[in-house]
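**Q** Sharing query-v7.cif below, mmCIF, C-alpha atoms and all ligand atoms:
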data_query
loop_
_atom_site.label_atom_id
_atom_site.label_comp_id
_atom_site.auth_asym_id
_atom_site.auth_seq_id
_atom_site.Cartn_x
_atom_site.Cartn_y
_atom_site.Cartn_z
CA MET A 1 -52.36 45.65 -42.23
CA ASP A 2 -55.89 46.68 -41.37
CA PHE A 3 -56.58 49.76 -39.22
CA ARG A 4 -56.86 47.74 -35.99
CA GLU A 5 -53.46 46.14 -36.63
CA ILE A 6 -51.94 49.53 -37.50
CA LYS A 7 -53.14 50.99 -34.20
CA GLU A 8 -51.88 47.97 -32.25
CA ALA A 9 -48.47 48.21 -33.93
CA ASP A 10 -48.31 51.93 -33.26
CA ALA A 11 -49.27 51.49 -29.59
CA LYS A 12 -46.57 48.81 -29.19
CA ASN A 13 -43.75 50.31 -31.25
CA TYR A 14 -43.95 54.06 -31.53
CA MET A 15 -42.79 56.33 -28.72
CA THR A 16 -45.77 57.88 -27.01
CA VAL A 17 -45.26 61.44 -28.20
CA PHE A 18 -48.47 61.95 -30.17
CA SER A 19 -52.17 61.92 -29.24
CA ARG A 20 -53.38 60.73 -32.60
CA GLN A 21 -56.90 60.99 -33.91
CA ASN A 22 -58.64 57.72 -34.74
CA LEU A 23 -57.88 58.07 -38.46
CA CYS A 24 -55.48 56.57 -40.95
CA PHE A 25 -55.35 57.83 -44.52
CA THR A 26 -54.43 55.76 -47.53
CA HIS A 27 -54.36 58.38 -50.28
CA GLY A 28 -55.44 61.83 -51.30
CA LYS A 29 -56.26 63.94 -54.33
CA GLY A 30 -56.12 67.71 -54.19
CA SER A 31 -57.80 68.72 -50.93
CA LYS A 32 -59.50 65.35 -50.46
CA LEU A 33 -58.15 62.59 -48.23
CA TYR A 34 -59.39 59.00 -48.04
CA ASP A 35 -59.16 56.77 -44.97
CA THR A 36 -58.72 53.01 -44.60
CA ALA A 37 -62.51 52.57 -44.61
CA GLY A 38 -62.83 54.52 -47.88
CA ASN A 39 -64.37 57.63 -46.27
CA GLU A 40 -63.66 60.98 -47.95
CA TYR A 41 -62.56 64.10 -46.07
CA ILE A 42 -61.91 67.71 -47.02
CA ASP A 43 -58.42 68.44 -45.78
CA MET A 44 -58.38 71.92 -44.22
CA GLY A 45 -55.11 71.27 -42.38
CA ALA A 46 -52.82 70.17 -45.23
CA GLY A 47 -50.45 68.25 -42.96
CA ILE A 48 -50.21 71.30 -40.63
CA ALA A 49 -49.63 73.88 -43.35
CA VAL A 50 -47.33 71.64 -45.38
CA ASN A 51 -49.11 70.18 -48.44
CA CYS A 52 -49.54 73.54 -50.13
CA LEU A 53 -50.17 71.99 -53.56
CA GLY A 54 -52.61 69.44 -52.11
CA HIS A 55 -52.25 65.69 -52.47
CA ASP A 56 -51.08 63.96 -55.62
CA ASP A 57 -50.45 67.20 -57.48
CA PRO A 58 -49.54 66.01 -61.00
CA GLU A 59 -46.63 68.41 -61.48
CA LEU A 60 -45.12 67.86 -58.03
CA THR A 61 -45.48 64.08 -58.22
CA ALA A 62 -43.98 64.00 -61.72
CA ALA A 63 -40.99 66.10 -60.62
CA ILE A 64 -40.37 63.84 -57.60
CA CYS A 65 -40.64 60.66 -59.71
CA GLU A 66 -38.42 62.07 -62.44
CA GLN A 67 -35.79 63.13 -59.92
CA ALA A 68 -35.99 59.79 -58.06
CA HIS A 69 -35.12 58.03 -61.32
CA LYS A 70 -32.07 60.26 -61.73
CA LEU A 71 -30.68 60.77 -58.20
CA ILE A 72 -32.36 60.71 -54.79
CA HIS A 73 -29.31 61.69 -52.82
CA VAL A 74 -25.76 62.80 -53.30
CA SER A 75 -23.76 64.29 -50.48
CA ASN A 76 -22.97 67.96 -50.13
CA LEU A 77 -19.37 67.02 -50.96
CA TYR A 78 -20.56 67.50 -54.55
CA TYR A 79 -22.64 70.04 -56.43
CA ASN A 80 -26.19 69.06 -57.30
CA ILE A 81 -28.42 70.45 -60.06
CA PRO A 82 -31.82 70.76 -58.27
CA GLN A 83 -30.11 72.42 -55.27
CA ALA A 84 -28.46 75.04 -57.48
CA GLN A 85 -31.76 75.60 -59.32
CA LEU A 86 -33.77 75.93 -56.12
CA CYS A 87 -31.40 78.52 -54.63
CA GLU A 88 -31.55 80.60 -57.84
CA LYS A 89 -35.34 80.43 -57.95
CA LEU A 90 -35.94 81.05 -54.26
CA LEU A 91 -33.51 83.94 -53.79
CA ASP A 92 -34.42 85.63 -57.06
CA GLY A 93 -36.48 88.76 -56.43
CA THR A 94 -35.98 88.62 -52.65
CA ILE A 95 -33.87 90.79 -50.36
CA PHE A 96 -31.71 87.79 -49.39
CA ASP A 97 -28.19 87.05 -50.62
CA ARG A 98 -27.51 83.47 -49.55
CA MET A 99 -29.27 80.42 -48.18
CA PHE A 100 -28.62 77.11 -46.46
CA LEU A 101 -30.78 74.02 -46.83
CA CYS A 102 -31.78 71.54 -44.13
CA ASN A 103 -34.69 69.20 -43.43
CA SER A 104 -37.16 70.83 -41.05
CA GLY A 105 -38.25 74.01 -39.34
CA ALA A 106 -36.42 73.24 -36.11
CA GLU A 107 -33.22 72.64 -38.03
CA ALA A 108 -33.63 75.90 -39.92
CA ASN A 109 -34.06 77.77 -36.63
CA GLU A 110 -31.14 75.89 -35.07
CA ALA A 111 -29.05 77.03 -38.04
CA ALA A 112 -30.32 80.60 -37.57
CA ILE A 113 -29.24 80.55 -33.91
CA LYS A 114 -25.78 79.37 -34.91
CA LEU A 115 -25.57 81.99 -37.69
CA ILE A 116 -26.53 84.76 -35.25
CA ARG A 117 -23.84 83.70 -32.78
CA LYS A 118 -21.23 83.26 -35.54
CA TYR A 119 -21.99 86.70 -36.97
CA PHE A 120 -21.09 88.42 -33.68
CA TYR A 121 -18.19 86.03 -33.03
CA ASN A 122 -16.70 87.08 -36.38
CA ARG A 123 -17.07 90.72 -35.40
CA GLY A 124 -15.33 90.12 -32.09
CA GLU A 125 -18.43 91.23 -30.19
CA THR A 126 -19.56 89.30 -27.12
CA ARG A 127 -23.22 89.57 -27.99
CA THR A 128 -24.87 86.18 -27.54
CA GLU A 129 -28.36 86.80 -26.19
CA ILE A 130 -31.42 86.06 -28.24
CA ILE A 131 -34.85 87.47 -27.50
CA THR A 132 -37.97 85.60 -28.58
CA ALA A 133 -41.65 86.02 -27.78
CA LYS A 134 -43.76 84.34 -25.15
CA ASN A 135 -46.11 81.75 -26.68
CA SER A 136 -43.85 81.45 -29.71
CA PHE A 137 -43.00 78.11 -31.27
CA HIS A 138 -39.65 77.49 -32.91
CA GLY A 139 -39.17 73.70 -32.85
CA ARG A 140 -38.23 70.69 -30.77
CA THR A 141 -34.44 70.56 -30.70
CA LEU A 142 -32.80 71.61 -27.45
CA ALA A 143 -31.95 75.13 -28.63
CA THR A 144 -35.28 75.65 -30.39
CA VAL A 145 -37.40 74.45 -27.43
CA THR A 146 -35.40 76.94 -25.39
CA ALA A 147 -36.12 79.66 -27.95
CA THR A 148 -39.79 78.63 -27.87
CA GLY A 149 -41.56 80.85 -25.35
CA GLN A 150 -43.59 78.05 -23.78
CA GLU A 151 -42.14 76.39 -20.71
CA LYS A 152 -44.17 73.22 -21.17
CA TYR A 153 -41.98 72.27 -24.14
CA SER A 154 -38.62 72.85 -22.44
CA LYS A 155 -39.02 72.31 -18.69
CA PRO A 156 -38.15 68.58 -18.54
CA TYR A 157 -35.01 69.01 -20.63
CA ALA A 158 -32.87 71.18 -18.35
CA PRO A 159 -30.09 72.14 -18.40
CA LEU A 160 -31.10 74.22 -21.39
CA PRO A 161 -28.75 76.26 -23.58
CA SER A 162 -28.21 79.71 -22.09
CA GLY A 163 -28.76 83.09 -23.68
CA PHE A 164 -32.50 83.09 -24.40
CA THR A 165 -35.03 85.62 -23.04
CA HIS A 166 -38.77 85.66 -23.70
CA VAL A 167 -40.82 88.82 -23.87
CA PRO A 168 -44.62 89.27 -24.14
CA TYR A 169 -45.74 89.34 -27.79
CA ASN A 170 -47.07 92.60 -29.20
CA ASP A 171 -45.64 94.56 -26.25
CA PHE A 172 -43.04 96.99 -27.56
CA GLY A 173 -42.37 98.49 -24.12
CA ALA A 174 -41.39 95.06 -22.75
CA LEU A 175 -39.13 94.45 -25.73
CA LYS A 176 -37.41 97.81 -25.32
CA GLU A 177 -36.76 97.01 -21.68
CA ALA A 178 -35.37 93.55 -22.45
CA VAL A 179 -32.83 94.77 -25.01
CA ASN A 180 -29.30 95.38 -23.73
CA ASP A 181 -25.71 95.48 -24.99
CA LYS A 182 -25.55 91.69 -25.04
CA THR A 183 -28.60 91.32 -27.29
CA ALA A 184 -27.62 89.64 -30.54
CA ALA A 185 -30.96 89.01 -32.18
CA LEU A 186 -34.71 89.15 -31.97
CA ILE A 187 -36.52 86.12 -33.41
CA LEU A 188 -40.23 86.53 -34.04
CA GLU A 189 -43.08 84.88 -35.90
CA VAL A 190 -45.16 87.65 -37.47
CA ILE A 191 -48.16 85.39 -36.97
CA GLN A 192 -47.81 82.97 -34.06
CA GLY A 193 -49.20 79.83 -35.68
CA GLU A 194 -48.98 77.08 -33.09
CA SER A 195 -50.22 79.23 -30.26
CA GLY A 196 -53.44 80.21 -31.99
CA VAL A 197 -52.89 82.08 -35.27
CA LEU A 198 -52.07 85.33 -33.45
CA PRO A 199 -50.92 88.08 -35.81
CA ALA A 200 -48.41 90.67 -34.65
CA ASP A 201 -49.65 94.25 -34.60
CA TYR A 202 -48.27 96.26 -37.49
CA ASP A 203 -46.80 98.91 -35.18
CA TYR A 204 -45.17 96.30 -32.96
CA ILE A 205 -43.22 94.77 -35.82
CA VAL A 206 -42.29 98.13 -37.36
CA ASN A 207 -41.10 99.49 -33.99
CA ALA A 208 -39.28 96.27 -33.07
CA TYR A 209 -37.54 96.34 -36.45
CA ALA A 210 -36.50 100.00 -36.01
CA LEU A 211 -35.20 99.23 -32.51
CA CYS A 212 -33.11 96.33 -33.81
CA ARG A 213 -31.73 98.48 -36.61
CA SER A 214 -30.73 101.27 -34.23
CA ARG A 215 -29.02 98.87 -31.79
CA GLY A 216 -27.24 96.64 -34.33
CA ILE A 217 -29.43 93.67 -33.37
CA LEU A 218 -30.21 91.07 -36.01
CA PHE A 219 -33.90 90.88 -36.88
CA VAL A 220 -34.95 87.31 -37.59
CA VAL A 221 -38.37 86.11 -38.72
CA ASP A 222 -39.40 82.49 -38.25
CA GLU A 223 -41.40 81.93 -41.44
CA VAL A 224 -41.58 78.15 -41.03
CA GLN A 225 -45.38 78.25 -40.93
CA THR A 226 -46.11 81.62 -42.55
CA GLY A 227 -43.59 81.53 -45.41
CA MET A 228 -43.88 80.11 -48.93
CA GLY A 229 -47.09 81.92 -49.74
CA ARG A 230 -49.19 80.79 -46.78
CA THR A 231 -50.36 84.35 -45.99
CA GLY A 232 -50.77 85.49 -49.61
CA LYS A 233 -47.25 86.90 -49.90
CA MET A 234 -44.14 84.82 -50.47
CA PHE A 235 -43.02 85.70 -46.93
CA ALA A 236 -45.32 87.08 -44.23
CA PHE A 237 -42.83 89.79 -43.19
CA GLU A 238 -43.66 91.52 -46.50
CA HIS A 239 -46.99 92.60 -45.01
CA TYR A 240 -45.00 94.81 -42.63
CA GLY A 241 -42.65 96.56 -45.08
CA ILE A 242 -39.53 95.47 -43.20
CA GLN A 243 -36.29 93.81 -44.32
CA PRO A 244 -35.23 91.06 -41.88
CA ASP A 245 -31.60 89.97 -41.78
CA ILE A 246 -32.52 86.30 -41.56
CA ILE A 247 -35.62 84.18 -42.16
CA THR A 248 -36.29 80.48 -41.74
CA LEU A 249 -38.55 78.31 -43.88
CA ALA A 250 -39.81 74.70 -43.94
CA LYS A 251 -43.37 73.28 -44.01
CA GLY A 252 -44.75 74.41 -47.41
CA LEU A 253 -41.36 74.69 -49.08
CA GLY A 254 -41.29 71.10 -50.36
CA GLY A 255 -45.05 70.64 -50.75
CA GLY A 256 -44.76 67.67 -48.35
CA VAL A 257 -41.21 66.53 -49.01
CA PRO A 258 -39.11 67.36 -45.92
CA ILE A 259 -36.97 70.44 -46.47
CA GLY A 260 -36.05 73.53 -44.45
CA ALA A 261 -34.11 76.66 -45.34
CA LEU A 262 -32.27 79.55 -43.78
CA LEU A 263 -32.09 82.75 -45.85
CA ALA A 264 -29.89 85.69 -44.90
CA ARG A 265 -28.76 88.99 -46.32
CA GLY A 266 -25.83 91.35 -45.97
CA GLU A 267 -22.98 90.51 -43.62
CA ALA A 268 -25.03 87.81 -41.86
CA ALA A 269 -25.29 85.89 -45.14
CA GLY A 270 -21.53 85.48 -45.17
CA ALA A 271 -20.97 84.64 -41.50
CA PHE A 272 -20.50 80.87 -41.88
CA ALA A 273 -17.15 79.57 -43.13
CA PRO A 274 -16.54 76.07 -44.53
CA GLY A 275 -17.01 73.51 -41.74
CA ASP A 276 -19.14 75.79 -39.54
CA HIS A 277 -22.42 74.11 -40.34
CA GLY A 278 -23.77 71.30 -42.47
CA SER A 279 -26.37 68.59 -42.97
CA THR A 280 -26.13 65.20 -44.63
CA PHE A 281 -29.59 65.31 -46.16
CA GLY A 282 -30.03 69.08 -46.38
CA GLY A 283 -30.58 70.28 -49.93
CA ASN A 284 -30.70 66.80 -51.40
CA PRO A 285 -31.80 66.54 -55.04
CA LEU A 286 -35.18 64.94 -54.34
CA ALA A 287 -36.31 67.57 -51.84
CA CYS A 288 -34.95 70.40 -53.99
CA ALA A 289 -36.70 69.13 -57.12
CA ALA A 290 -39.98 69.19 -55.18
CA ALA A 291 -39.31 72.67 -53.77
CA CYS A 292 -38.52 73.99 -57.28
CA VAL A 293 -42.07 73.07 -58.32
CA VAL A 294 -43.54 74.87 -55.30
CA VAL A 295 -41.52 78.05 -55.94
CA ASP A 296 -42.37 78.04 -59.67
CA ARG A 297 -46.06 77.60 -59.01
CA LEU A 298 -46.13 80.37 -56.41
CA LYS A 299 -44.40 82.74 -58.80
CA ASN A 300 -46.72 81.78 -61.64
CA GLY A 301 -50.04 82.84 -60.17
CA LEU A 302 -50.58 80.65 -57.10
CA LEU A 303 -49.67 83.44 -54.66
CA ARG A 304 -52.50 85.56 -56.01
CA GLU A 305 -54.86 82.58 -55.56
CA VAL A 306 -53.85 82.25 -51.91
CA GLU A 307 -54.69 85.91 -51.36
CA GLN A 308 -58.10 85.60 -53.05
CA LYS A 309 -59.03 82.28 -51.47
CA GLY A 310 -57.83 83.56 -48.10
CA GLU A 311 -60.17 86.55 -48.31
CA TYR A 312 -63.00 84.22 -49.32
CA LEU A 313 -62.28 81.79 -46.46
CA LEU A 314 -62.13 84.60 -43.91
CA SER A 315 -65.39 86.13 -45.15
CA LYS A 316 -67.12 82.73 -44.99
CA LEU A 317 -65.81 82.06 -41.50
CA SER A 318 -66.75 85.56 -40.33
CA LYS A 319 -70.38 84.42 -40.45
CA LEU A 320 -69.56 82.25 -37.41
CA ARG A 321 -69.20 85.41 -35.33
CA LYS A 322 -72.94 85.30 -34.66
CA PHE A 323 -72.38 82.42 -32.22
CA ASN A 324 -71.67 83.68 -28.73
CA PHE A 325 -69.11 80.93 -28.11
CA ILE A 326 -66.82 82.28 -30.86
CA ASN A 327 -64.21 84.61 -29.40
CA ASP A 328 -62.38 85.70 -32.50
CA ILE A 329 -61.67 84.86 -36.14
CA ARG A 330 -58.30 85.99 -37.42
CA GLY A 331 -55.53 85.26 -39.85
CA LYS A 332 -54.05 86.12 -43.21
CA GLY A 333 -54.23 84.31 -46.50
CA LEU A 334 -54.85 80.61 -45.98
CA LEU A 335 -53.85 80.58 -42.33
CA VAL A 336 -56.92 81.28 -40.24
CA GLY A 337 -57.75 80.72 -36.59
CA VAL A 338 -61.21 80.44 -35.04
CA SER A 339 -60.82 81.04 -31.32
CA LEU A 340 -63.46 79.38 -29.16
CA GLY A 341 -64.84 80.50 -25.81
CA ASP A 342 -64.33 78.26 -22.80
CA LYS A 343 -67.64 76.42 -23.17
CA LEU A 344 -66.26 74.43 -26.10
CA THR A 345 -62.95 72.70 -26.63
CA ASN A 346 -61.12 72.78 -29.93
CA THR A 347 -60.25 69.05 -29.75
CA GLU A 348 -63.93 68.16 -29.37
CA ILE A 349 -64.88 70.29 -32.42
CA VAL A 350 -62.00 68.85 -34.48
CA GLY A 351 -63.25 65.33 -33.65
CA LYS A 352 -66.86 66.13 -34.57
CA MET A 353 -65.81 67.82 -37.81
CA ALA A 354 -63.75 64.78 -38.78
CA THR A 355 -66.84 62.64 -38.28
CA ASN A 356 -68.58 65.10 -40.64
CA GLY A 357 -65.84 64.68 -43.24
CA VAL A 358 -63.81 67.84 -42.63
CA LEU A 359 -60.30 67.82 -41.17
CA LEU A 360 -59.35 70.84 -39.06
CA ILE A 361 -56.38 71.25 -36.76
CA THR A 362 -56.05 72.69 -33.30
CA ALA A 363 -53.80 75.51 -32.15
CA GLY A 364 -53.15 77.07 -28.74
CA HIS A 365 -55.65 79.21 -26.83
CA ASN A 366 -58.53 76.85 -27.69
CA THR A 367 -58.31 77.71 -31.37
CA LEU A 368 -59.34 75.84 -34.51
CA ARG A 369 -56.73 76.28 -37.23
CA LEU A 370 -57.47 76.18 -40.94
CA ALA A 371 -54.47 75.95 -43.25
CA PRO A 372 -55.66 74.24 -46.44
CA ALA A 373 -53.76 73.63 -49.66
CA TYR A 374 -53.41 76.68 -51.92
CA THR A 375 -55.06 74.61 -54.65
CA ILE A 376 -58.26 74.05 -52.66
CA SER A 377 -61.42 74.84 -54.65
CA TYR A 378 -63.96 77.47 -53.64
CA GLU A 379 -66.53 74.68 -53.51
CA GLU A 380 -64.43 72.76 -51.00
CA ILE A 381 -64.05 75.91 -48.88
CA ASP A 382 -67.85 76.33 -49.01
CA ILE A 383 -68.51 72.74 -47.94
CA ALA A 384 -66.02 72.90 -45.05
CA CYS A 385 -67.34 76.24 -43.78
CA ASP A 386 -71.00 75.21 -44.17
CA LYS A 387 -70.35 72.04 -42.17
CA LEU A 388 -68.70 74.06 -39.43
CA MET A 389 -71.67 76.44 -39.46
CA ASP A 390 -74.10 73.47 -39.22
CA LEU A 391 -72.17 71.95 -36.34
CA PHE A 392 -72.15 75.23 -34.41
CA ALA A 393 -75.83 75.76 -35.14
CA ARG A 394 -76.53 72.39 -33.53
CA THR A 395 -74.23 73.11 -30.58
CA ASN A 396 -76.03 74.06 -27.40
CA VAL A 397 -73.81 75.69 -24.83
C1 LIG B 1 -43.17 78.85 -36.55
C2 LIG B 1 -42.60 77.47 -36.46
N1 LIG B 1 -41.28 77.32 -36.31
C3 LIG B 1 -40.71 76.10 -36.25
C4 LIG B 1 -41.47 74.96 -36.30
C5 LIG B 1 -40.82 73.62 -36.22
O1 LIG B 1 -40.84 73.02 -37.48
P1 LIG B 1 -40.56 71.46 -37.64
O2 LIG B 1 -41.68 70.74 -36.99
O3 LIG B 1 -40.50 71.26 -39.13
O4 LIG B 1 -39.25 71.18 -36.98
C6 LIG B 1 -42.85 75.07 -36.46
C7 LIG B 1 -43.70 73.86 -36.49
O5 LIG B 1 -44.87 73.89 -36.30
C8 LIG B 1 -43.44 76.35 -36.54
O6 LIG B 1 -44.75 76.52 -36.69
#
Could you spell out this file's structure in structure tokens?

**A**
Amino acid sequence: MDFREIKEADAKNYMTVFSRQNLCFTHGKGSKLYDTAGNEYIDMGAGIAVNCLGHDDPELTAAICEQAHKLIHVSNLYYNIPQAQLCEKLLDGTIFDRMFLCNSGAEANEAAIKLIRKYFYNRGETRTEIITAKNSFHGRTLATVTATGQEKYSKPYAPLPSGFTHVPYNDFGALKEAVNDKTAALILEVIQGESGVLPADYDYIVNAYALCRSRGILFVVDEVQTGMGRTGKMFAFEHYGIQPDIITLAKGLGGGVPIGALLARGEAAGAFAPGDHGSTFGGNPLACAAACVVVDRLKNGLLREVEQKGEYLLSKLSKLRKFNFINDIRGKGLLVGVSLGDKLTNTEIVGKMATNGVLLITAGHNTLRLAPAYTISYEEIDIACDKLMDLFARTNV
């Protein structure tokens, strides 16, 4: 199929849920992607913070191929070797006691919601209410769009599951007011990724955590975008010195192979009984073999690279502050947002940058999001940032 035929087939066959860019990639290597016309791009989006080892990473590809030759799938009716290995590797050195594996971020959050409710059910407490933040993003299933603090994602799908309240982000007073005897859990992203790479204030998280502790409320961090090293620590909550009861992971965990995870500690880790939850594909050998490579690499020096490259990327991007149409540049590790003033639109800049051979992604609040592979080279960071600088220098607004 040539690109025209691909677009025609997509327009005819695929449900109209995406506004796709006029691009189709055939292959990639590291942080480079190649389109159907043979053009080369620097990939600063990494599949929306997914391909953390870049494209065609030799170790990841070898592990996937090797596992595919052995077993792609066996059901969870049986034990499987890569699943057991992944759980050992991932939990080792963390505060968490047990985990559950699924296939995506939404599924991990869905599982977290069920775990929260089951925890209080087991205790005989009628606490069912879950507080999340406005502008948060937690996924596309019915419960997770309801948890998501953005009405545009949930409005058409009423009736929605009950028991969710949204409070303004970074507003401890509002949170304190929202908490009551029915509050079961607080679910937060410590950096709101989808809505514009908005980091939580240190004091907000520390105070919210202390409040949850004092009221017996479960503290849950959605690390789907920020986890697995994205911010320079294995999990972004570590920047805040807190110990969440539950976290959720997906995106980077499999380096591109679909996998999600729910990690819990203490009594919450033991709240599910056999039959309470499950997933046909969750924790399958192929996905777990891929995730083992990601965890190993992070623990063997890659985390430190994310921290260093993140500082470098942020310092390069900070030079854009001289343009009066840049509102803010923020982020941690290799998750950075460049917030634009209202004279420019992020979609327009993403389009122009793609024409210049650099792939960026958008986020809320008119933000450009950069979330490259952890293996990106300093030279590639330089080229991408210089091209953005050139484009802004030529932009007259
Ligand atoms: C913080 C957060 N939670 C959950 C999700 C949903 O993940 P998925 O698309 O894998 O279901 C996302 C996706 O962007 C996310 O950023």

**Q** Quick one: residues within 7 Å of region 322-337 of chain A, all atoms listed in the file counted, chain neighbours fewer than 6 positions away excluded, as a PDB file with C-alpha atoms, keeping the file's coordinate frame?

**A**
ATOM      1  CA  GLY A 196     -53.440  80.210 -31.990  1.00  0.00           C
ATOM      2  CA  VAL A 197     -52.890  82.080 -35.270  1.00  0.00           C
ATOM      3  CA  PRO A 199     -50.920  88.080 -35.810  1.00  0.00           C
ATOM      4  CA  ARG A 230     -49.190  80.790 -46.780  1.00  0.00           C
ATOM      5  CA  THR A 231     -50.360  84.350 -45.990  1.00  0.00           C
ATOM      6  CA  GLY A 232     -50.770  85.490 -49.610  1.00  0.00           C
ATOM      7  CA  VAL A 306     -53.850  82.250 -51.910  1.00  0.00           C
ATOM      8  CA  GLU A 307     -54.690  85.910 -51.360  1.00  0.00           C
ATOM      9  CA  GLY A 310     -57.830  83.560 -48.100  1.00  0.00           C
ATOM     10  CA  GLU A 311     -60.170  86.550 -48.310  1.00  0.00           C
ATOM     11  CA  LYS A 343     -67.640  76.420 -23.170  1.00  0.00           C
ATOM     12  CA  THR A 367     -58.310  77.710 -31.370  1.00  0.00           C
ATOM     13  CA  LEU A 368     -59.340  75.840 -34.510  1.00  0.00           C
ATOM     14  CA  ARG A 369     -56.730  76.280 -37.230  1.00  0.00           C
ATOM     15  CA  LEU A 370     -57.470  76.180 -40.940  1.00  0.00           C
ATOM     16  CA  ALA A 371     -54.470  75.950 -43.250  1.00  0.00           C
ATOM     17  CA  PRO A 372     -55.660  74.240 -46.440  1.00  0.00           C
TER      18      PRO A 372
END

**Q** Once you count all atoms listed in the file, which residues end up within 9 Å of ligand LIG 1 (chain B), and could you hand them over as a PyMOL selection string?

**A** chain A and resi 48-49+103-109+136-141+144+148+188-189+191-195+221-226+248-251+258-260

**Q** What's around Ala184 (chain A) at 10 Å? Count only C-alpha atoms, leave out sequence neighbours fewer than 5 positions away in its own chain, and write the answer as a list in words.

**A** Ile113, Ile116, Arg117, Tyr119, Phe120, Glu125, Thr126, Arg127, Thr128, Glu129, Ile130, Ile131, Gly163, Val179, Cys212, Arg215, Gly216, Ile217, Leu218 and Phe219 of chain A

**Q** Generate a file of the selected residues that holds C-alpha atoms, formatted as a JSON list (two decimals), in the frame of the given file.

**A**
[["chain", "number", "residue", "atom", "x", "y", "z"],
["A", 113, "ILE", "CA", -29.24, 80.55, -33.91],
["A", 116, "ILE", "CA", -26.53, 84.76, -35.25],
["A", 117, "ARG", "CA", -23.84, 83.70, -32.78],
["A", 119, "TYR", "CA", -21.99, 86.70, -36.97],
["A", 120, "PHE", "CA", -21.09, 88.42, -33.68],
["A", 125, "GLU", "CA", -18.43, 91.23, -30.19],
["A", 126, "THR", "CA", -19.56, 89.30, -27.12],
["A", 127, "ARG", "CA", -23.22, 89.57, -27.99],
["A", 128, "THR", "CA", -24.87, 86.18, -27.54],
["A", 129, "GLU", "CA", -28.36, 86.80, -26.19],
["A", 130, "ILE", "CA", -31.42, 86.06, -28.24],
["A", 131, "ILE", "CA", -34.85, 87.47, -27.50],
["A", 163, "GLY", "CA", -28.76, 83.09, -23.68],
["A", 179, "VAL", "CA", -32.83, 94.77, -25.01],
["A", 212, "CYS", "CA", -33.11, 96.33, -33.81],
["A", 215, "ARG", "CA", -29.02, 98.87, -31.79],
["A", 216, "GLY", "CA", -27.24, 96.64, -34.33],
["A", 217, "ILE", "CA", -29.43, 93.67, -33.37],
["A", 218, "LEU", "CA", -30.21, 91.07, -36.01],
["A", 219, "PHE", "CA", -33.90, 90.88, -36.88]]

**Q** Can you pull out every residue within 7 Å of region 312-318 of chain A, counting all atoms listed in the file, but drop anything in the same chain fewer than 2 positions away, and send it as a PDB file with C-alpha atoms, keeping the file's coordinate frame?

**A**
ATOM      1  CA  GLN A 308     -58.100  85.600 -53.050  1.00  0.00           C
ATOM      2  CA  LYS A 309     -59.030  82.280 -51.470  1.00  0.00           C
ATOM      3  CA  GLY A 310     -57.830  83.560 -48.100  1.00  0.00           C
ATOM      4  CA  LEU A 320     -69.560  82.250 -37.410  1.00  0.00           C
ATOM      5  CA  ARG A 321     -69.200  85.410 -35.330  1.00  0.00           C
ATOM      6  CA  ILE A 329     -61.670  84.860 -36.140  1.00  0.00           C
ATOM      7  CA  ILE A 381     -64.050  75.910 -48.880  1.00  0.00           C
ATOM      8  CA  CYS A 385     -67.340  76.240 -43.780  1.00  0.00           C
TER       9      CYS A 385
END

**Q** Can you check which parts of region 327-392 of chain A lie within 7 Å of region 38-42 of chain A? Per residue, the shortest pair of atoms and distance in Å to one decimal, counting all atoms listed in the file, sorted by chain and number, as JSON lines.

**A**
{"residue": "A:Gly357", "atom": "CA", "partner": "A:Tyr41", "partner_atom": "CA", "distance": 4.4}
{"residue": "A:Val358", "atom": "CA", "partner": "A:Ile42", "partner_atom": "CA", "distance": 4.8}
{"residue": "A:Leu359", "atom": "CA", "partner": "A:Ile42", "partner_atom": "CA", "distance": 6.1}
{"residue": "A:Glu380", "atom": "CA", "partner": "A:Ile42", "partner_atom": "CA", "distance": 6.9}
{"residue": "A:Ala384", "atom": "CA", "partner": "A:Ile42", "partner_atom": "CA", "distance": 6.9}

**Q** Mind pulling up the distance from CA of Gly254 (chain A) to CA of Glu305 (chain A)?

**A**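 These two atoms are separated by 18.5 Å.
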
**Q** Could you tell me how far CA of Ala68 (chain A) lies from CA of Leu263 (chain A), in Å and to one decimal?

**A**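 Separating CA of Ala68 (chain A) from CA of Leu263 (chain A) is a distance of 26.3 Å.
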
**Q** CA of Pro161 (chain A) to CA of Ala261 (chain A): how many Å, to one decimal?

**A** 22.4 Å

**Q** For Pro244 (chain A), which of A:Lys176, A:Lys319, A:Arg213, A:His365 is the closest residue, counting all atoms listed in the file?

**A** A:Arg213

**Q** Nearest to Leu186 (chain A): which of A:Asp57, A:Glu5, A:Asp386, A:Asp245 is it, counting only C-alpha atoms?

**A** A:Asp245

**Q** Of the candidates A:Leu286, A:Ala9, A:Leu303, A:Ala147, which one gets nearest to Thr375 (chain A) if we count only C-alpha atoms?

**A**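 Closest to Thr375 (chain A), using only C-alpha atoms: A:Leu303.
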